[in-house]
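A short write-up of the structure that comes next.
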Amino acid sequence: MTATTTREPRGRPGPGTDSGAALAVLPGVLRSALGWTDAHRDRFALPDDVLEPHTQVNGTLKPLGELAQLGSTIRRTTDPGTPEHATAGDLVAYAWEQVREGGLLLELLRAEPFAAYPYEIYAAFAGYGLRHEGFEALARPLTATRAWAHTEQHANRQLGLVNSERRVGTVTHTDAGAVLSRTWLGGLSEPWMFEGPSGYALTHTVFHLTDWGRMPDRVPEKTDGYLRTWLPAWTDGCLESGQWDLTGELLAVAASLPGPAPAELLDAVWPVLAGVQHPTGCVPETGVPAEDPAPDPYPFIDCYHSTLVTAFAAALSLRSLRSPEQTDGPAPGRERRTA
């Protein structure tokens, strides 16, 4: 990491951080980040021209898909009856409404049968129990084509497609283990070669492998040991350079590992990220945290993802520290299908 901040992050702990420091701040961080997201849910709304060729997917469907994916994981990771559990469920329901209960994704699939992103967004809902029969009827023959199996993409992205296929319940187009071996993480790359792009590739490899933290036991033993050894150094580098979004993703990775939680790492890093979080609940992606008490100290596009990631990582960390044997929460009920 080469960028530097102009000041030390608030509350950065030294090597003697007391055990339990993470648990002291995590409930408030999670509640505040979810509260900010809920208060800004209208910013995730899809525009009327979302299906038009000129519409930018990264500014419309991508944020909504992330809301669905991370919201559904938070909902299934938190305890029923808690405010954060209810808020996460409401956010997923809102996202489902925005895609017209799957109907809009069916239109996208018809218009772009060669594209993977409508399928991956749909899989976020399908893994939560929200399904659209028309979408799946069209997707089945498309995912059985040679073109689908041979789409050229980076290995961690291909692993994401495999996980989406698992969620929808179709036969996977390739073996996940073989794909993992071709990723930066799966190759156990030299740890000093870690930087921004490889960091995000690493975190998403773990998310796709574990179904966004729900199945930690999918992480191979060698990969688990490698991550436990080097995550402290990588997160420290992110803290020094003010990479708050990547810090949150690395914390989510740490909480997605099998077995006992890396409590020392979580205790060292979470108080720092809690200090970066604005009183309104949002977290910037990078840079010096704002001192401005205004309700919106950052542009939405510069903080929505890092705020969602912070909530996601906080929910996984709480589960990992409180209930290390829990690998999944209850499903939202019987699958809801839309014709």
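Following the order of the structure tokens, first chain is A, next is B, and so on, with residues numbered from 1 inside each chain and ligands from 1 in the order they appear.
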
Original post:
Which residues, written as number ranges by chain, have at least one atom at most 12 Å from range 84-90 of chain A, with only C-alpha atoms counted and residues fewer than 4 positions away on the same chain left out?
Top reply: A: 27-39, 41, 67-80, 94-97, 125, 128-130, 308, 311-312, 314-315, 329-333

**OP:** Excluding Ala261 in chain A and any residue of its chain fewer than 5 positions from it, enumerate the residues within 8 Å of it, using only C-alpha atoms, and give them as a list in words.
**Re:**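 The residues that qualify are Ala254, Ala255, Ser320, Leu321 and Pro324 of chain A.
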
Original post:
What lies within 10 Å of Thr170 in chain A using only C-alpha atoms, ignoring chain neighbours under 2 positions off, as an NGL selection string?
Top reply: :A and (136 or 139-140 or 143-144 or 162 or 164-168 or 172-173)

Subject >> helix (DSSP H, G or I) residues, from DSSP on the backbone, in range 11-228 of chain A, as a PyMOL selection string >> reply: chain A and resi 21-39+41-44+57-59+61-77+83-98+100-111+117-126+133-142+146-149+155-168+176-180+191-193+196-209+216-218+221-228

Original post:
Near range 209-215 of chain A, counting only C-alpha atoms, which residues have an atom at most 8 Å away, once you skip same-chain residues fewer than 6 positions from it, shown as number ranges by chain?
Top reply: A: 73, 159-160, 163, 176, 252-253, 255-257, 316, 327-328

May I have the selected residues written with all heavy atoms, as a PDB file, in the first residue's frame?
```pdb
ATOM      1  N   THR A  73     -26.879 -11.406   3.907  1.00  0.00           N
ATOM      2  CA  THR A  73     -25.929 -12.065   4.805  1.00  0.00           C
ATOM      3  C   THR A  73     -26.063 -11.530   6.224  1.00  0.00           C
ATOM      4  O   THR A  73     -26.030 -12.291   7.198  1.00  0.00           O
ATOM      5  CB  THR A  73     -24.489 -11.868   4.307  1.00  0.00           C
ATOM      6  OG1 THR A  73     -24.374 -12.380   2.978  1.00  0.00           O
ATOM      7  CG2 THR A  73     -23.505 -12.600   5.204  1.00  0.00           C
ATOM      8  N   LEU A 159     -15.004 -17.834  -9.873  1.00  0.00           N
ATOM      9  CA  LEU A 159     -15.416 -18.461  -8.615  1.00  0.00           C
ATOM     10  C   LEU A 159     -16.738 -17.867  -8.135  1.00  0.00           C
ATOM     11  O   LEU A 159     -17.579 -18.574  -7.563  1.00  0.00           O
ATOM     12  CB  LEU A 159     -14.321 -18.248  -7.564  1.00  0.00           C
ATOM     13  CG  LEU A 159     -14.318 -19.183  -6.358  1.00  0.00           C
ATOM     14  CD1 LEU A 159     -14.143 -20.634  -6.785  1.00  0.00           C
ATOM     15  CD2 LEU A 159     -13.195 -18.778  -5.402  1.00  0.00           C
ATOM     16  N   GLY A 160     -16.935 -16.562  -8.379  1.00  0.00           N
ATOM     17  CA  GLY A 160     -18.204 -15.929  -8.042  1.00  0.00           C
ATOM     18  C   GLY A 160     -19.351 -16.500  -8.837  1.00  0.00           C
ATOM     19  O   GLY A 160     -20.464 -16.676  -8.320  1.00  0.00           O
ATOM     20  N   ASN A 163     -20.279 -19.838  -7.398  1.00  0.00           N
ATOM     21  CA  ASN A 163     -21.090 -19.690  -6.191  1.00  0.00           C
ATOM     22  C   ASN A 163     -22.516 -19.283  -6.526  1.00  0.00           C
ATOM     23  O   ASN A 163     -23.473 -19.730  -5.880  1.00  0.00           O
ATOM     24  CB  ASN A 163     -20.464 -18.652  -5.254  1.00  0.00           C
ATOM     25  CG  ASN A 163     -21.166 -18.595  -3.914  1.00  0.00           C
ATOM     26  OD1 ASN A 163     -21.338 -19.606  -3.253  1.00  0.00           O
ATOM     27  ND2 ASN A 163     -21.578 -17.409  -3.501  1.00  0.00           N
ATOM     28  N   ALA A 176     -14.907 -25.773  -8.412  1.00  0.00           N
ATOM     29  CA  ALA A 176     -14.471 -24.608  -7.632  1.00  0.00           C
ATOM     30  C   ALA A 176     -13.027 -24.744  -7.169  1.00  0.00           C
ATOM     31  O   ALA A 176     -12.285 -23.756  -7.121  1.00  0.00           O
ATOM     32  CB  ALA A 176     -15.395 -24.411  -6.429  1.00  0.00           C
ATOM     33  N   ALA A 252     -13.878  -8.881   7.260  1.00  0.00           N
ATOM     34  CA  ALA A 252     -14.895  -9.875   6.907  1.00  0.00           C
ATOM     35  C   ALA A 252     -14.247 -11.207   6.559  1.00  0.00           C
ATOM     36  O   ALA A 252     -14.767 -12.278   6.895  1.00  0.00           O
ATOM     37  CB  ALA A 252     -15.742  -9.368   5.738  1.00  0.00           C
ATOM     38  N   VAL A 253     -13.110 -11.166   5.878  1.00  0.00           N
ATOM     39  CA  VAL A 253     -12.367 -12.395   5.574  1.00  0.00           C
ATOM     40  C   VAL A 253     -11.930 -13.074   6.871  1.00  0.00           C
ATOM     41  O   VAL A 253     -12.086 -14.290   7.036  1.00  0.00           O
ATOM     42  CB  VAL A 253     -11.142 -12.081   4.691  1.00  0.00           C
ATOM     43  CG1 VAL A 253     -10.168 -13.256   4.659  1.00  0.00           C
ATOM     44  CG2 VAL A 253     -11.583 -11.727   3.279  1.00  0.00           C
ATOM     45  N   ALA A 255     -13.263 -12.989   9.702  1.00  0.00           N
ATOM     46  CA  ALA A 255     -14.425 -13.561  10.385  1.00  0.00           C
ATOM     47  C   ALA A 255     -15.071 -14.686   9.596  1.00  0.00           C
ATOM     48  O   ALA A 255     -16.040 -15.286  10.066  1.00  0.00           O
ATOM     49  CB  ALA A 255     -15.453 -12.457  10.651  1.00  0.00           C
ATOM     50  N   SER A 256     -14.542 -14.983   8.394  1.00  0.00           N
ATOM     51  CA  SER A 256     -15.093 -16.055   7.568  1.00  0.00           C
ATOM     52  C   SER A 256     -14.223 -17.309   7.600  1.00  0.00           C
ATOM     53  O   SER A 256     -14.489 -18.262   6.865  1.00  0.00           O
ATOM     54  CB  SER A 256     -15.222 -15.581   6.112  1.00  0.00           C
ATOM     55  OG  SER A 256     -16.106 -14.485   6.006  1.00  0.00           O
ATOM     56  N   LEU A 257     -13.193 -17.304   8.429  1.00  0.00           N
ATOM     57  CA  LEU A 257     -12.295 -18.450   8.507  1.00  0.00           C
ATOM     58  C   LEU A 257     -12.880 -19.540   9.390  1.00  0.00           C
ATOM     59  O   LEU A 257     -13.612 -19.261  10.334  1.00  0.00           O
ATOM     60  CB  LEU A 257     -10.931 -18.011   9.048  1.00  0.00           C
ATOM     61  CG  LEU A 257     -10.181 -16.968   8.218  1.00  0.00           C
ATOM     62  CD1 LEU A 257      -8.879 -16.581   8.895  1.00  0.00           C
ATOM     63  CD2 LEU A 257      -9.919 -17.483   6.812  1.00  0.00           C
ATOM     64  N   LEU A 316     -20.466 -10.464  10.710  1.00  0.00           N
ATOM     65  CA  LEU A 316     -19.686 -11.704  10.677  1.00  0.00           C
ATOM     66  C   LEU A 316     -18.750 -11.796  11.886  1.00  0.00           C
ATOM     67  O   LEU A 316     -18.568 -12.874  12.466  1.00  0.00           O
ATOM     68  CB  LEU A 316     -18.874 -11.773   9.394  1.00  0.00           C
ATOM     69  CG  LEU A 316     -19.624 -12.034   8.090  1.00  0.00           C
ATOM     70  CD1 LEU A 316     -18.643 -12.069   6.923  1.00  0.00           C
ATOM     71  CD2 LEU A 316     -20.408 -13.336   8.139  1.00  0.00           C
ATOM     72  N   THR A 327     -22.571 -21.411  11.464  1.00  0.00           N
ATOM     73  CA  THR A 327     -22.127 -21.153  10.100  1.00  0.00           C
ATOM     74  C   THR A 327     -23.213 -20.529   9.247  1.00  0.00           C
ATOM     75  O   THR A 327     -22.955 -20.106   8.141  1.00  0.00           O
ATOM     76  CB  THR A 327     -21.656 -22.452   9.428  1.00  0.00           C
ATOM     77  OG1 THR A 327     -22.732 -23.402   9.445  1.00  0.00           O
ATOM     78  CG2 THR A 327     -20.449 -23.019  10.143  1.00  0.00           C
ATOM     79  N   ASP A 328     -24.438 -20.478   9.728  1.00  0.00           N
ATOM     80  CA  ASP A 328     -25.511 -19.883   8.941  1.00  0.00           C
ATOM     81  C   ASP A 328     -26.665 -19.572   9.865  1.00  0.00           C
ATOM     82  O   ASP A 328     -26.871 -20.233  10.877  1.00  0.00           O
ATOM     83  CB  ASP A 328     -25.969 -20.843   7.838  1.00  0.00           C
ATOM     84  CG  ASP A 328     -26.831 -20.143   6.789  1.00  0.00           C
ATOM     85  OD1 ASP A 328     -26.961 -18.917   6.866  1.00  0.00           O
ATOM     86  OD2 ASP A 328     -27.354 -20.832   5.919  1.00  0.00           O
TER      87      ASP A 328
END
```

Subject >> Who sits within 9 Å of Gly186 in chain A, only C-alpha atoms, same chain under 3 positions skipped, as a PyMOL selection string >> reply: chain A and resi 177+179-183+189+202+205+223

Output all heavy atoms for every residue in that selection, as an mmCIF file, in the first residue's frame.
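Done, and the output landed in part37.cif:
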```cif
data_model
loop_
_atom_site.group_PDB
_atom_site.id
_atom_site.type_symbol
_atom_site.label_atom_id
_atom_site.label_comp_id
_atom_site.auth_asym_id
_atom_site.auth_seq_id
_atom_site.Cartn_x
_atom_site.Cartn_y
_atom_site.Cartn_z
ATOM 1 N N GLY A 177 -12.606 -25.952 -6.820
ATOM 2 C CA GLY A 177 -11.234 -26.147 -6.360
ATOM 3 C C GLY A 177 -10.216 -25.826 -7.433
ATOM 4 O O GLY A 177 -9.166 -25.219 -7.159
ATOM 5 N N VAL A 179 -10.641 -23.728 -9.882
ATOM 6 C CA VAL A 179 -10.634 -22.279 -10.074
ATOM 7 C C VAL A 179 -9.861 -21.603 -8.940
ATOM 8 O O VAL A 179 -9.068 -20.682 -9.168
ATOM 9 C CB VAL A 179 -12.072 -21.729 -10.144
ATOM 10 C CG1 VAL A 179 -12.059 -20.214 -10.319
ATOM 11 C CG2 VAL A 179 -12.839 -22.376 -11.293
ATOM 12 N N LEU A 180 -10.076 -22.056 -7.711
ATOM 13 C CA LEU A 180 -9.381 -21.478 -6.564
ATOM 14 C C LEU A 180 -7.870 -21.540 -6.742
ATOM 15 O O LEU A 180 -7.154 -20.587 -6.414
ATOM 16 C CB LEU A 180 -9.783 -22.205 -5.279
ATOM 17 C CG LEU A 180 -9.039 -21.805 -4.009
ATOM 18 C CD1 LEU A 180 -9.290 -20.345 -3.657
ATOM 19 C CD2 LEU A 180 -9.451 -22.703 -2.837
ATOM 20 N N SER A 181 -7.374 -22.627 -7.280
ATOM 21 C CA SER A 181 -5.929 -22.794 -7.448
ATOM 22 C C SER A 181 -5.332 -21.769 -8.400
ATOM 23 O O SER A 181 -4.123 -21.527 -8.373
ATOM 24 C CB SER A 181 -5.617 -24.211 -7.938
ATOM 25 O OG SER A 181 -6.076 -24.403 -9.269
ATOM 26 N N ARG A 182 -6.169 -21.147 -9.237
ATOM 27 C CA ARG A 182 -5.675 -20.156 -10.203
ATOM 28 C C ARG A 182 -5.782 -18.726 -9.683
ATOM 29 O O ARG A 182 -5.410 -17.779 -10.379
ATOM 30 C CB ARG A 182 -6.437 -20.290 -11.524
ATOM 31 C CG ARG A 182 -6.173 -21.591 -12.246
ATOM 32 C CD ARG A 182 -6.752 -21.592 -13.662
ATOM 33 N NE ARG A 182 -8.208 -21.691 -13.691
ATOM 34 C CZ ARG A 182 -9.033 -20.697 -13.988
ATOM 35 N NH1 ARG A 182 -8.549 -19.489 -14.267
ATOM 36 N NH2 ARG A 182 -10.334 -20.878 -14.005
ATOM 37 N N THR A 183 -6.310 -18.541 -8.479
ATOM 38 C CA THR A 183 -6.446 -17.198 -7.922
ATOM 39 C C THR A 183 -5.158 -16.771 -7.226
ATOM 40 O O THR A 183 -4.304 -17.609 -6.881
ATOM 41 C CB THR A 183 -7.602 -17.125 -6.907
ATOM 42 O OG1 THR A 183 -7.302 -17.974 -5.783
ATOM 43 C CG2 THR A 183 -8.915 -17.573 -7.544
ATOM 44 N N SER A 189 0.290 -16.616 -2.891
ATOM 45 C CA SER A 189 1.265 -15.669 -3.439
ATOM 46 C C SER A 189 2.137 -15.045 -2.357
ATOM 47 O O SER A 189 1.741 -14.968 -1.178
ATOM 48 C CB SER A 189 0.526 -14.559 -4.198
ATOM 49 O OG SER A 189 -0.192 -15.086 -5.297
ATOM 50 N N LEU A 202 -8.359 -11.051 -3.451
ATOM 51 C CA LEU A 202 -8.254 -11.995 -2.335
ATOM 52 C C LEU A 202 -9.552 -12.032 -1.523
ATOM 53 O O LEU A 202 -10.079 -13.120 -1.226
ATOM 54 C CB LEU A 202 -7.075 -11.598 -1.457
ATOM 55 C CG LEU A 202 -6.791 -12.369 -0.172
ATOM 56 C CD1 LEU A 202 -5.313 -12.265 0.170
ATOM 57 C CD2 LEU A 202 -7.604 -11.836 1.024
ATOM 58 N N THR A 205 -12.334 -13.676 -3.409
ATOM 59 C CA THR A 205 -12.126 -15.120 -3.509
ATOM 60 C C THR A 205 -12.689 -15.814 -2.274
ATOM 61 O O THR A 205 -13.383 -16.828 -2.370
ATOM 62 C CB THR A 205 -10.626 -15.430 -3.662
ATOM 63 O OG1 THR A 205 -10.169 -14.917 -4.919
ATOM 64 C CG2 THR A 205 -10.363 -16.921 -3.608
ATOM 65 N N THR A 223 -4.910 -22.554 3.005
ATOM 66 C CA THR A 223 -5.355 -21.181 2.783
ATOM 67 C C THR A 223 -5.695 -20.511 4.106
ATOM 68 O O THR A 223 -5.371 -19.338 4.328
ATOM 69 C CB THR A 223 -6.584 -21.164 1.855
ATOM 70 O OG1 THR A 223 -6.291 -21.897 0.665
ATOM 71 C CG2 THR A 223 -6.980 -19.744 1.494
#
```

**OP:** Would you mind listing what lies within 12 Å of Leu273 in chain A as an NGL selection string, with only C-alpha atoms counted and same-chain residues fewer than 6 positions away left out?
**Re:** :A and (9-13 or 21-22 or 25-26 or 28-30 or 33 or 235-236 or 238-240 or 242-251 or 266-267 or 281-286 or 289 or 306-307 or 309-311 or 313-314)

For C-alpha atoms, I'd like the residues from the last selection saved as a CSV table (one decimal), in the first residue's frame.
```
chain,number,residue,atom,x,y,z
A,9,PRO,CA,-6.5,7.2,12.6
A,10,ARG,CA,-8.5,8.0,15.7
A,11,GLY,CA,-8.2,5.4,18.4
A,12,ARG,CA,-5.5,3.3,16.8
A,13,PRO,CA,-4.5,0.7,19.4
A,21,ALA,CA,-12.0,-4.6,22.4
A,22,ALA,CA,-13.8,-5.7,19.3
A,25,VAL,CA,-17.5,-1.6,19.7
A,26,LEU,CA,-19.0,-4.0,17.2
A,28,GLY,CA,-22.7,0.0,17.9
A,29,VAL,CA,-20.7,-0.1,14.6
A,30,LEU,CA,-23.2,-2.5,13.1
A,33,ALA,CA,-23.9,1.5,9.7
A,235,THR,CA,-4.7,-4.8,7.7
A,236,ASP,CA,-2.0,-2.8,9.3
A,238,CYS,CA,-4.5,-0.6,5.0
A,239,LEU,CA,-4.9,1.3,8.3
A,240,GLU,CA,-1.7,3.2,7.7
A,242,GLY,CA,-6.4,5.0,5.0
A,243,GLN,CA,-7.9,2.2,2.9
A,244,TRP,CA,-11.0,1.8,5.1
A,245,ASP,CA,-13.1,-0.1,2.5
A,246,LEU,CA,-10.4,-2.8,2.0
A,247,THR,CA,-9.9,-2.9,5.8
A,248,GLY,CA,-13.5,-3.8,6.2
A,249,GLU,CA,-13.3,-6.5,3.6
A,250,LEU,CA,-10.2,-8.0,5.3
A,251,LEU,CA,-12.0,-8.0,8.6
A,266,LEU,CA,-10.3,-8.3,15.5
A,267,ASP,CA,-9.5,-6.6,18.8
A,281,GLY,CA,-22.9,5.7,10.7
A,282,CYS,CA,-21.2,6.1,7.3
A,283,VAL,CA,-17.6,5.1,6.6
A,284,PRO,CA,-15.5,6.6,3.8
A,285,GLU,CA,-13.8,4.3,1.3
A,286,THR,CA,-10.4,6.0,1.7
A,289,PRO,CA,-12.1,10.8,8.1
A,306,SER,CA,-17.6,0.9,2.6
A,307,THR,CA,-20.5,1.5,4.9
A,309,VAL,CA,-19.0,-3.6,4.0
A,310,THR,CA,-18.5,-2.3,7.6
A,311,ALA,CA,-21.9,-3.6,8.6
A,313,ALA,CA,-17.9,-7.4,8.5
A,314,ALA,CA,-19.3,-6.4,11.9
```

Subject >> Pairwise distance for CA of Tyr119 in chain A and CA of Pro258 in chain A, rounded to one decimal in Å >> reply: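 Going from CA of Tyr119 in chain A over to CA of Pro258 in chain A, I get 28.3 Å.
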